[in-house]
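Next comes final-v4.pdb, a file with PDB, C-alpha atoms and all ligand atoms.
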ATOM      1  CA  MET A   1      -2.859  32.299  -7.964  1.00  0.00           C
ATOM      2  CA  ALA A   2      -3.453  31.631 -11.625  1.00  0.00           C
ATOM      3  CA  ASN A   3      -1.933  28.372 -12.754  1.00  0.00           C
ATOM      4  CA  SER A   4       1.807  28.803 -12.837  1.00  0.00           C
ATOM      5  CA  GLU A   5       4.861  26.612 -13.281  1.00  0.00           C
ATOM      6  CA  LYS A   6       4.893  26.054  -9.529  1.00  0.00           C
ATOM      7  CA  THR A   7       1.331  25.600  -8.338  1.00  0.00           C
ATOM      8  CA  LYS A   8      -1.293  24.095 -10.548  1.00  0.00           C
ATOM      9  CA  THR A   9      -4.905  23.784  -9.550  1.00  0.00           C
ATOM     10  CA  VAL A  10      -7.647  21.785 -11.210  1.00  0.00           C
ATOM     11  CA  ILE A  11     -11.368  21.754 -10.558  1.00  0.00           C
ATOM     12  CA  ILE A  12     -12.938  18.301 -10.768  1.00  0.00           C
ATOM     13  CA  LEU A  13     -16.630  18.656 -11.560  1.00  0.00           C
ATOM     14  CA  GLY A  14     -18.923  15.771 -10.657  1.00  0.00           C
ATOM     15  CA  SER A  15     -22.533  16.632 -11.444  1.00  0.00           C
ATOM     16  CA  SER A  16     -25.304  14.751 -13.244  1.00  0.00           C
ATOM     17  CA  ARG A  17     -25.611  17.666 -15.654  1.00  0.00           C
ATOM     18  CA  ASP A  18     -22.918  19.505 -17.538  1.00  0.00           C
ATOM     19  CA  THR A  19     -24.609  22.888 -17.600  1.00  0.00           C
ATOM     20  CA  GLY A  20     -26.374  22.942 -14.228  1.00  0.00           C
ATOM     21  CA  ASN A  21     -25.909  24.871 -11.014  1.00  0.00           C
ATOM     22  CA  THR A  22     -22.580  23.370 -10.014  1.00  0.00           C
ATOM     23  CA  SER A  23     -21.137  24.086 -13.410  1.00  0.00           C
ATOM     24  CA  ASN A  24     -22.467  27.681 -13.208  1.00  0.00           C
ATOM     25  CA  VAL A  25     -20.575  28.216  -9.978  1.00  0.00           C
ATOM     26  CA  ILE A  26     -17.433  26.623 -11.372  1.00  0.00           C
ATOM     27  CA  ASN A  27     -17.561  28.816 -14.472  1.00  0.00           C
ATOM     28  CA  GLU A  28     -17.673  31.891 -12.231  1.00  0.00           C
ATOM     29  CA  LEU A  29     -14.754  30.525 -10.209  1.00  0.00           C
ATOM     30  CA  ILE A  30     -12.723  29.901 -13.364  1.00  0.00           C
ATOM     31  CA  LYS A  31     -13.315  33.508 -14.461  1.00  0.00           C
ATOM     32  CA  ILE A  32     -11.384  34.737 -11.422  1.00  0.00           C
ATOM     33  CA  THR A  33      -8.817  31.929 -11.166  1.00  0.00           C
ATOM     34  CA  ASN A  34      -8.155  30.541 -14.640  1.00  0.00           C
ATOM     35  CA  TRP A  35      -7.902  27.108 -13.010  1.00  0.00           C
ATOM     36  CA  ASP A  36      -8.138  24.051 -15.231  1.00  0.00           C
ATOM     37  CA  LEU A  37     -11.335  21.984 -15.329  1.00  0.00           C
ATOM     38  CA  ILE A  38     -11.963  18.260 -15.515  1.00  0.00           C
ATOM     39  CA  ASN A  39     -15.595  17.220 -16.008  1.00  0.00           C
ATOM     40  CA  LEU A  40     -15.997  13.647 -14.765  1.00  0.00           C
ATOM     41  CA  ASN A  41     -18.846  13.184 -17.265  1.00  0.00           C
ATOM     42  CA  ASP A  42     -16.237  13.286 -20.017  1.00  0.00           C
ATOM     43  CA  TYR A  43     -14.667  10.090 -18.657  1.00  0.00           C
ATOM     44  CA  SER A  44     -15.803   6.524 -18.428  1.00  0.00           C
ATOM     45  CA  ILE A  45     -15.287   5.641 -14.775  1.00  0.00           C
ATOM     46  CA  SER A  46     -17.207   2.655 -13.460  1.00  0.00           C
ATOM     47  CA  ASN A  47     -18.056   1.589  -9.936  1.00  0.00           C
ATOM     48  CA  TYR A  48     -15.326   0.217  -7.722  1.00  0.00           C
ATOM     49  CA  ASP A  49     -14.710  -3.429  -8.553  1.00  0.00           C
ATOM     50  CA  TYR A  50     -12.991  -5.737  -6.043  1.00  0.00           C
ATOM     51  CA  GLU A  51     -11.788  -7.830  -9.003  1.00  0.00           C
ATOM     52  CA  HIS A  52     -10.361  -4.758 -10.755  1.00  0.00           C
ATOM     53  CA  SER A  53     -11.772  -5.907 -14.064  1.00  0.00           C
ATOM     54  CA  ASN A  54     -12.433  -2.221 -14.830  1.00  0.00           C
ATOM     55  CA  ILE A  55      -8.790  -1.202 -14.396  1.00  0.00           C
ATOM     56  CA  ASN A  56      -8.569  -0.185 -18.047  1.00  0.00           C
ATOM     57  CA  ASP A  57     -11.400   2.317 -17.959  1.00  0.00           C
ATOM     58  CA  ASP A  58     -10.515   6.024 -17.798  1.00  0.00           C
ATOM     59  CA  PHE A  59      -9.854   6.269 -14.051  1.00  0.00           C
ATOM     60  CA  ILE A  60      -6.182   5.310 -13.864  1.00  0.00           C
ATOM     61  CA  ASN A  61      -5.154   7.448 -16.850  1.00  0.00           C
ATOM     62  CA  LEU A  62      -7.016  10.405 -15.406  1.00  0.00           C
ATOM     63  CA  MET A  63      -5.357   9.962 -12.011  1.00  0.00           C
ATOM     64  CA  CYS A  64      -1.921   9.704 -13.647  1.00  0.00           C
ATOM     65  CA  ARG A  65      -2.560  13.060 -15.304  1.00  0.00           C
ATOM     66  CA  LEU A  66      -3.866  14.620 -12.109  1.00  0.00           C
ATOM     67  CA  VAL A  67      -0.968  13.580  -9.885  1.00  0.00           C
ATOM     68  CA  ALA A  68       1.599  14.504 -12.541  1.00  0.00           C
ATOM     69  CA  ASN A  69       0.224  17.960 -13.289  1.00  0.00           C
ATOM     70  CA  TYR A  70      -1.562  19.392 -10.261  1.00  0.00           C
ATOM     71  CA  ASP A  71      -0.830  20.327  -6.658  1.00  0.00           C
ATOM     72  CA  ILE A  72      -4.391  21.287  -5.705  1.00  0.00           C
ATOM     73  CA  LEU A  73      -7.561  19.365  -6.584  1.00  0.00           C
ATOM     74  CA  VAL A  74     -10.843  21.242  -6.093  1.00  0.00           C
ATOM     75  CA  PHE A  75     -13.781  18.827  -5.934  1.00  0.00           C
ATOM     76  CA  ALA A  76     -17.033  20.430  -7.136  1.00  0.00           C
ATOM     77  CA  THR A  77     -20.231  18.545  -6.374  1.00  0.00           C
ATOM     78  CA  PRO A  78     -23.953  19.167  -6.109  1.00  0.00           C
ATOM     79  CA  VAL A  79     -25.666  18.007  -2.924  1.00  0.00           C
ATOM     80  CA  TYR A  80     -27.803  14.999  -3.780  1.00  0.00           C
ATOM     81  CA  TRP A  81     -29.664  13.611  -0.774  1.00  0.00           C
ATOM     82  CA  TYR A  82     -27.375  15.287   1.764  1.00  0.00           C
ATOM     83  CA  SER A  83     -24.313  13.724   0.133  1.00  0.00           C
ATOM     84  CA  MET A  84     -21.909  14.281  -2.696  1.00  0.00           C
ATOM     85  CA  SER A  85     -23.217  13.335  -6.154  1.00  0.00           C
ATOM     86  CA  GLY A  86     -23.075   9.720  -7.315  1.00  0.00           C
ATOM     87  CA  VAL A  87     -20.609  10.728 -10.032  1.00  0.00           C
ATOM     88  CA  MET A  88     -18.258  12.152  -7.432  1.00  0.00           C
ATOM     89  CA  LYS A  89     -18.716   9.213  -5.059  1.00  0.00           C
ATOM     90  CA  VAL A  90     -17.873   6.680  -7.775  1.00  0.00           C
ATOM     91  CA  PHE A  91     -14.749   8.707  -8.534  1.00  0.00           C
ATOM     92  CA  LEU A  92     -13.736   8.773  -4.861  1.00  0.00           C
ATOM     93  CA  ASP A  93     -14.492   5.067  -4.396  1.00  0.00           C
ATOM     94  CA  ARG A  94     -12.043   4.312  -7.185  1.00  0.00           C
ATOM     95  CA  PHE A  95      -9.242   5.886  -5.124  1.00  0.00           C
ATOM     96  CA  THR A  96      -9.257   2.440  -3.479  1.00  0.00           C
ATOM     97  CA  ASP A  97      -7.505   1.182  -6.639  1.00  0.00           C
ATOM     98  CA  LEU A  98      -4.638   3.483  -5.689  1.00  0.00           C
ATOM     99  CA  LEU A  99      -4.186   1.654  -2.392  1.00  0.00           C
ATOM    100  CA  THR A 100      -4.248  -1.798  -3.934  1.00  0.00           C
ATOM    101  CA  VAL A 101      -3.351  -2.415  -7.584  1.00  0.00           C
ATOM    102  CA  LYS A 102      -1.936   1.018  -8.454  1.00  0.00           C
ATOM    103  CA  LYS A 103      -0.041   1.939  -5.303  1.00  0.00           C
ATOM    104  CA  ASP A 104       2.589   3.860  -7.277  1.00  0.00           C
ATOM    105  CA  ILE A 105      -0.048   6.482  -8.132  1.00  0.00           C
ATOM    106  CA  GLY A 106      -1.506   6.376  -4.615  1.00  0.00           C
ATOM    107  CA  ARG A 107       1.862   7.266  -3.129  1.00  0.00           C
ATOM    108  CA  LYS A 108       1.942  10.396  -5.296  1.00  0.00           C
ATOM    109  CA  LEU A 109      -1.279  11.629  -3.677  1.00  0.00           C
ATOM    110  CA  LYS A 110       0.580  12.118  -0.427  1.00  0.00           C
ATOM    111  CA  GLY A 111       1.201  15.826   0.102  1.00  0.00           C
ATOM    112  CA  LYS A 112      -1.344  16.887  -2.520  1.00  0.00           C
ATOM    113  CA  ASN A 113      -3.993  19.391  -1.497  1.00  0.00           C
ATOM    114  CA  ILE A 114      -7.741  19.397  -1.861  1.00  0.00           C
ATOM    115  CA  ALA A 115     -10.635  21.808  -1.501  1.00  0.00           C
ATOM    116  CA  VAL A 116     -14.364  21.261  -1.991  1.00  0.00           C
ATOM    117  CA  ILE A 117     -17.212  23.371  -3.342  1.00  0.00           C
ATOM    118  CA  SER A 118     -20.855  22.287  -3.180  1.00  0.00           C
ATOM    119  CA  SER A 119     -24.100  23.389  -4.810  1.00  0.00           C
ATOM    120  CA  SER A 120     -27.388  22.686  -3.067  1.00  0.00           C
ATOM    121  CA  ALA A 121     -30.975  23.901  -3.008  1.00  0.00           C
ATOM    122  CA  GLY A 122     -30.501  25.351   0.449  1.00  0.00           C
ATOM    123  CA  ASP A 123     -30.798  22.532   2.897  1.00  0.00           C
ATOM    124  CA  ASN A 124     -27.580  20.711   3.582  1.00  0.00           C
ATOM    125  CA  LEU A 125     -25.552  19.301   6.411  1.00  0.00           C
ATOM    126  CA  GLY A 126     -23.431  22.381   7.030  1.00  0.00           C
ATOM    127  CA  ASN A 127     -19.937  21.421   8.090  1.00  0.00           C
ATOM    128  CA  LEU A 128     -20.901  17.751   8.391  1.00  0.00           C
ATOM    129  CA  PHE A 129     -21.125  17.623   4.597  1.00  0.00           C
ATOM    130  CA  TRP A 130     -17.360  17.968   4.272  1.00  0.00           C
ATOM    131  CA  ILE A 131     -16.515  14.982   6.498  1.00  0.00           C
ATOM    132  CA  PRO A 132     -16.086  12.349   3.720  1.00  0.00           C
ATOM    133  CA  PHE A 133     -13.709  14.681   1.885  1.00  0.00           C
ATOM    134  CA  LYS A 134     -11.800  15.640   5.035  1.00  0.00           C
ATOM    135  CA  LYS A 135     -11.442  12.062   6.248  1.00  0.00           C
ATOM    136  CA  THR A 136     -10.449  10.800   2.784  1.00  0.00           C
ATOM    137  CA  ALA A 137      -7.806  13.522   2.511  1.00  0.00           C
ATOM    138  CA  GLU A 138      -6.502  12.624   5.961  1.00  0.00           C
ATOM    139  CA  TYR A 139      -6.398   8.909   5.123  1.00  0.00           C
ATOM    140  CA  LEU A 140      -4.488   9.485   1.896  1.00  0.00           C
ATOM    141  CA  GLY A 141      -2.062  12.024   3.375  1.00  0.00           C
ATOM    142  CA  MET A 142      -3.504  14.971   1.493  1.00  0.00           C
ATOM    143  CA  ASN A 143      -4.021  18.438   2.969  1.00  0.00           C
ATOM    144  CA  TYR A 144      -7.581  19.772   3.232  1.00  0.00           C
ATOM    145  CA  LEU A 145      -7.402  23.461   2.345  1.00  0.00           C
ATOM    146  CA  ALA A 146     -10.891  24.979   2.218  1.00  0.00           C
ATOM    147  CA  ASP A 147     -14.560  24.485   1.383  1.00  0.00           C
ATOM    148  CA  LEU A 148     -17.550  26.511   0.246  1.00  0.00           C
ATOM    149  CA  HIS A 149     -21.289  25.855   0.079  1.00  0.00           C
ATOM    150  CA  THR A 150     -23.260  27.573  -2.667  1.00  0.00           C
ATOM    151  CA  ILE A 151     -27.030  27.694  -3.166  1.00  0.00           C
ATOM    152  CA  GLN A 152     -28.791  27.017  -6.497  1.00  0.00           C
ATOM    153  CA  GLY A 153     -25.843  28.005  -8.618  1.00  0.00           C
ATOM    154  CA  GLN A 154     -25.733  31.514  -7.170  1.00  0.00           C
ATOM    155  CA  ILE A 155     -22.625  32.846  -5.478  1.00  0.00           C
ATOM    156  CA  SER A 156     -21.238  36.324  -5.031  1.00  0.00           C
ATOM    157  CA  GLU A 157     -17.876  37.206  -6.503  1.00  0.00           C
ATOM    158  CA  ILE A 158     -16.703  38.150  -3.023  1.00  0.00           C
ATOM    159  CA  ASP A 159     -17.492  34.673  -1.655  1.00  0.00           C
ATOM    160  CA  LEU A 160     -15.688  33.076  -4.574  1.00  0.00           C
ATOM    161  CA  SER A 161     -12.711  35.406  -4.054  1.00  0.00           C
ATOM    162  CA  ASN A 162     -12.633  34.485  -0.376  1.00  0.00           C
ATOM    163  CA  PHE A 163     -12.695  30.793  -1.292  1.00  0.00           C
ATOM    164  CA  LYS A 164      -9.773  31.294  -3.682  1.00  0.00           C
ATOM    165  CA  HIS A 165      -7.940  33.316  -1.032  1.00  0.00           C
ATOM    166  CA  ASN A 166      -8.519  30.629   1.640  1.00  0.00           C
ATOM    167  CA  ILE A 167      -7.153  27.961  -0.686  1.00  0.00           C
ATOM    168  CA  GLU A 168      -4.066  30.053  -1.468  1.00  0.00           C
ATOM    169  CA  LYS A 169      -3.467  31.116   2.122  1.00  0.00           C
ATOM    170  CA  THR A 170      -3.700  27.607   3.540  1.00  0.00           C
ATOM    171  CA  TYR A 171      -1.608  26.181   0.696  1.00  0.00           C
ATOM    172  CA  GLN A 172       1.102  28.788   1.240  1.00  0.00           C
ATOM    173  CA  SER A 173       1.168  28.027   4.974  1.00  0.00           C
ATOM    174  CA  LEU A 174       1.985  24.404   4.122  1.00  0.00           C
ATOM    175  CA  VAL A 175       4.725  24.801   1.519  1.00  0.00           C
TER     176      VAL A 175
HETATM  177  C1  LIG B   1     -31.128  13.694  -6.859  1.00  0.00           C
HETATM  178  C2  LIG B   1     -31.134  15.053  -6.213  1.00  0.00           C
HETATM  179  C3  LIG B   1     -31.052  15.142  -4.828  1.00  0.00           C
HETATM  180  C4  LIG B   1     -31.003  16.387  -4.201  1.00  0.00           C
HETATM  181  N1  LIG B   1     -30.857  16.444  -2.845  1.00  0.00           N
HETATM  182  C5  LIG B   1     -30.680  17.644  -2.236  1.00  0.00           C
HETATM  183  C6  LIG B   1     -30.438  17.736  -0.834  1.00  0.00           C
HETATM  184  O1  LIG B   1     -30.351  16.745  -0.114  1.00  0.00           O
HETATM  185  N2  LIG B   1     -30.280  18.971  -0.278  1.00  0.00           N
HETATM  186  C7  LIG B   1     -30.346  20.108  -1.044  1.00  0.00           C
HETATM  187  O2  LIG B   1     -30.180  21.206  -0.494  1.00  0.00           O
HETATM  188  N3  LIG B   1     -30.586  20.054  -2.385  1.00  0.00           N
HETATM  189  C8  LIG B   1     -30.746  18.852  -2.986  1.00  0.00           C
HETATM  190  N4  LIG B   1     -30.950  18.791  -4.353  1.00  0.00           N
HETATM  191  C9  LIG B   1     -30.909  20.027  -5.142  1.00  0.00           C
HETATM  192  C10 LIG B   1     -29.507  20.245  -5.749  1.00  0.00           C
HETATM  193  O3  LIG B   1     -28.501  20.079  -4.776  1.00  0.00           O
HETATM  194  C11 LIG B   1     -29.341  21.643  -6.322  1.00  0.00           C
HETATM  195  O4  LIG B   1     -30.386  21.977  -7.197  1.00  0.00           O
HETATM  196  C12 LIG B   1     -27.988  21.777  -7.009  1.00  0.00           C
HETATM  197  O5  LIG B   1     -27.701  23.123  -7.205  1.00  0.00           O
HETATM  198  C13 LIG B   1     -27.989  21.018  -8.338  1.00  0.00           C
HETATM  199  O6  LIG B   1     -26.750  21.119  -8.971  1.00  0.00           O
HETATM  200  P1  LIG B   1     -26.536  20.529 -10.460  1.00  0.00           P
HETATM  201  O7  LIG B   1     -27.342  21.398 -11.382  1.00  0.00           O
HETATM  202  O8  LIG B   1     -25.079  20.575 -10.723  1.00  0.00           O
HETATM  203  O9  LIG B   1     -27.072  19.127 -10.408  1.00  0.00           O
HETATM  204  C14 LIG B   1     -31.051  17.567  -4.985  1.00  0.00           C
HETATM  205  C15 LIG B   1     -31.183  17.469  -6.386  1.00  0.00           C
HETATM  206  C16 LIG B   1     -31.212  16.231  -6.991  1.00  0.00           C
HETATM  207  C17 LIG B   1     -31.314  16.146  -8.505  1.00  0.00           C
END
Conversion result in structure tokens:
Amino acid sequence: MANSEKTKTVIILGSSRDTGNTSNVINELIKITNWDLINLNDYSISNYDYEHSNINDDFINLMCRLVANYDILVFATPVYWYSMSGVMKVFLDRFTDLLTVKKDIGRKLKGKNIAVISSSAGDNLGNLFWIPFKKTAEYLGMNYLADLHTIQGQISEIDLSNFKHNIEKTYQSLV
């Protein structure tokens, strides 16, 4: 499923380094999928603010683009202390803006689809790691399609192909 008129997929990379292990894995994934890439480090997205004084940073514009152009969002994160990266967590925290001051964009998340890919040194929480993503998807009315753990930036082409296939298969079963 290369990006087509009908189904568009974007990988959202949230790592503390642009050319590290997570980005290695994502580059391999892009070779076999041609999916688009958003690197959160290219955007100025600050911590969630109850006063919304940061509403004019890059978050809302980025989300407008994402909901307008993509059906499937693939979150790519390293494992930092058994959790998603801080970069990714800040991004996810800001989804709260879409339930409060920017509800019009939040409503467009409903029916979107997500998948997650991690990169760790080996030790991680197994399936427990995916819970924040799964529960967030459920809360926002998004479908959770698939996930994949990778170790130290290494992943076989077959595992990446299976990940792509799982995303496609689950997506197709929903549309
Ligand atoms: C702050 C920090 C915390 C980490 N915590 C974990 C961890 O809890 N479990 C694990 O398996 N690896 C952990 N690692 C290792 C990274 O997950 C691993 O090297 C990953 O592939 C790094 O991806 P990156 O190059 O995109 O940052 C940690 C690394 C850092 C920098």
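The interatomic distance for the pair atom CA of A:Ile60 and atom CA of A:Val90 works out to 13.3 Å.
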(request) Return the single residue from A:Glu157, A:Asp123, A:Glu168, A:Asp104 that is closest to ligand LIG 1 (chain B), with distances computed using only C-alpha atoms and all ligand atoms. (result)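 With only C-alpha atoms and all ligand atoms as the atom set, the closest residue is A:Asp123.
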(request) State, in Å with one decimal place, the distance from atom CA of A:Ile30 to atom CA of A:Tyr43. (result)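 Separation between atom CA of A:Ile30 and atom CA of A:Tyr43: 20.6 Å.
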Taking all atoms listed in the file into account, which residues have an atom no farther than 6 Å from ligand LIG 1 (chain B)? I'd like them as a PDB file with C-alpha atoms, keeping the file's coordinate frame.
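New file part_18.pdb:
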ATOM      1  CA  SER A  15     -22.533  16.632 -11.444  1.00  0.00           C
ATOM      2  CA  SER A  16     -25.304  14.751 -13.244  1.00  0.00           C
ATOM      3  CA  ARG A  17     -25.611  17.666 -15.654  1.00  0.00           C
ATOM      4  CA  GLY A  20     -26.374  22.942 -14.228  1.00  0.00           C
ATOM      5  CA  ASN A  21     -25.909  24.871 -11.014  1.00  0.00           C
ATOM      6  CA  THR A  22     -22.580  23.370 -10.014  1.00  0.00           C
ATOM      7  CA  SER A  23     -21.137  24.086 -13.410  1.00  0.00           C
ATOM      8  CA  PRO A  78     -23.953  19.167  -6.109  1.00  0.00           C
ATOM      9  CA  VAL A  79     -25.666  18.007  -2.924  1.00  0.00           C
ATOM     10  CA  TYR A  80     -27.803  14.999  -3.780  1.00  0.00           C
ATOM     11  CA  TRP A  81     -29.664  13.611  -0.774  1.00  0.00           C
ATOM     12  CA  TYR A  82     -27.375  15.287   1.764  1.00  0.00           C
ATOM     13  CA  SER A 119     -24.100  23.389  -4.810  1.00  0.00           C
ATOM     14  CA  SER A 120     -27.388  22.686  -3.067  1.00  0.00           C
ATOM     15  CA  ALA A 121     -30.975  23.901  -3.008  1.00  0.00           C
ATOM     16  CA  GLY A 122     -30.501  25.351   0.449  1.00  0.00           C
ATOM     17  CA  ASP A 123     -30.798  22.532   2.897  1.00  0.00           C
ATOM     18  CA  ASN A 124     -27.580  20.711   3.582  1.00  0.00           C
ATOM     19  CA  GLN A 152     -28.791  27.017  -6.497  1.00  0.00           C
ATOM     20  CA  GLY A 153     -25.843  28.005  -8.618  1.00  0.00           C
TER      21      GLY A 153
END
(request) Could you jot down the atom CA of A:Lys8 to atom CA of A:Val116 separation for me, Å, one decimal place? (result)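 These two atoms are separated by 15.9 Å.
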Quick one: which stretch 25-106 of chain A residues come within 10 Å of stretch 129-138 of chain A, and what is the nearest atom pair for each with the distance in Å to one decimal, counting all atoms listed in the file, rows ordered by chain and ascending number, as CSV?
residue,atom,partner,partner_atom,distance
A:Phe75,CA,A:Phe133,CA,8.9
A:Val79,CA,A:Phe129,CA,8.8
A:Tyr82,CA,A:Phe129,CA,7.2
A:Ser83,CA,A:Phe129,CA,6.7
A:Met84,CA,A:Phe129,CA,8.1
A:Lys89,CA,A:Pro132,CA,9.7
A:Leu92,CA,A:Thr136,CA,8.6
A:Phe95,CA,A:Thr136,CA,9.4
Coordinates of box centre and edge lengths for stretch 97-114 of chain A, 6 Å on every side, axis-aligned, as AutoDock Vina command-line options:
--center_x -2.6 --center_y 8.5 --center_z -4.2 --size_x 22.3 --size_y 33.8 --size_z 20.6
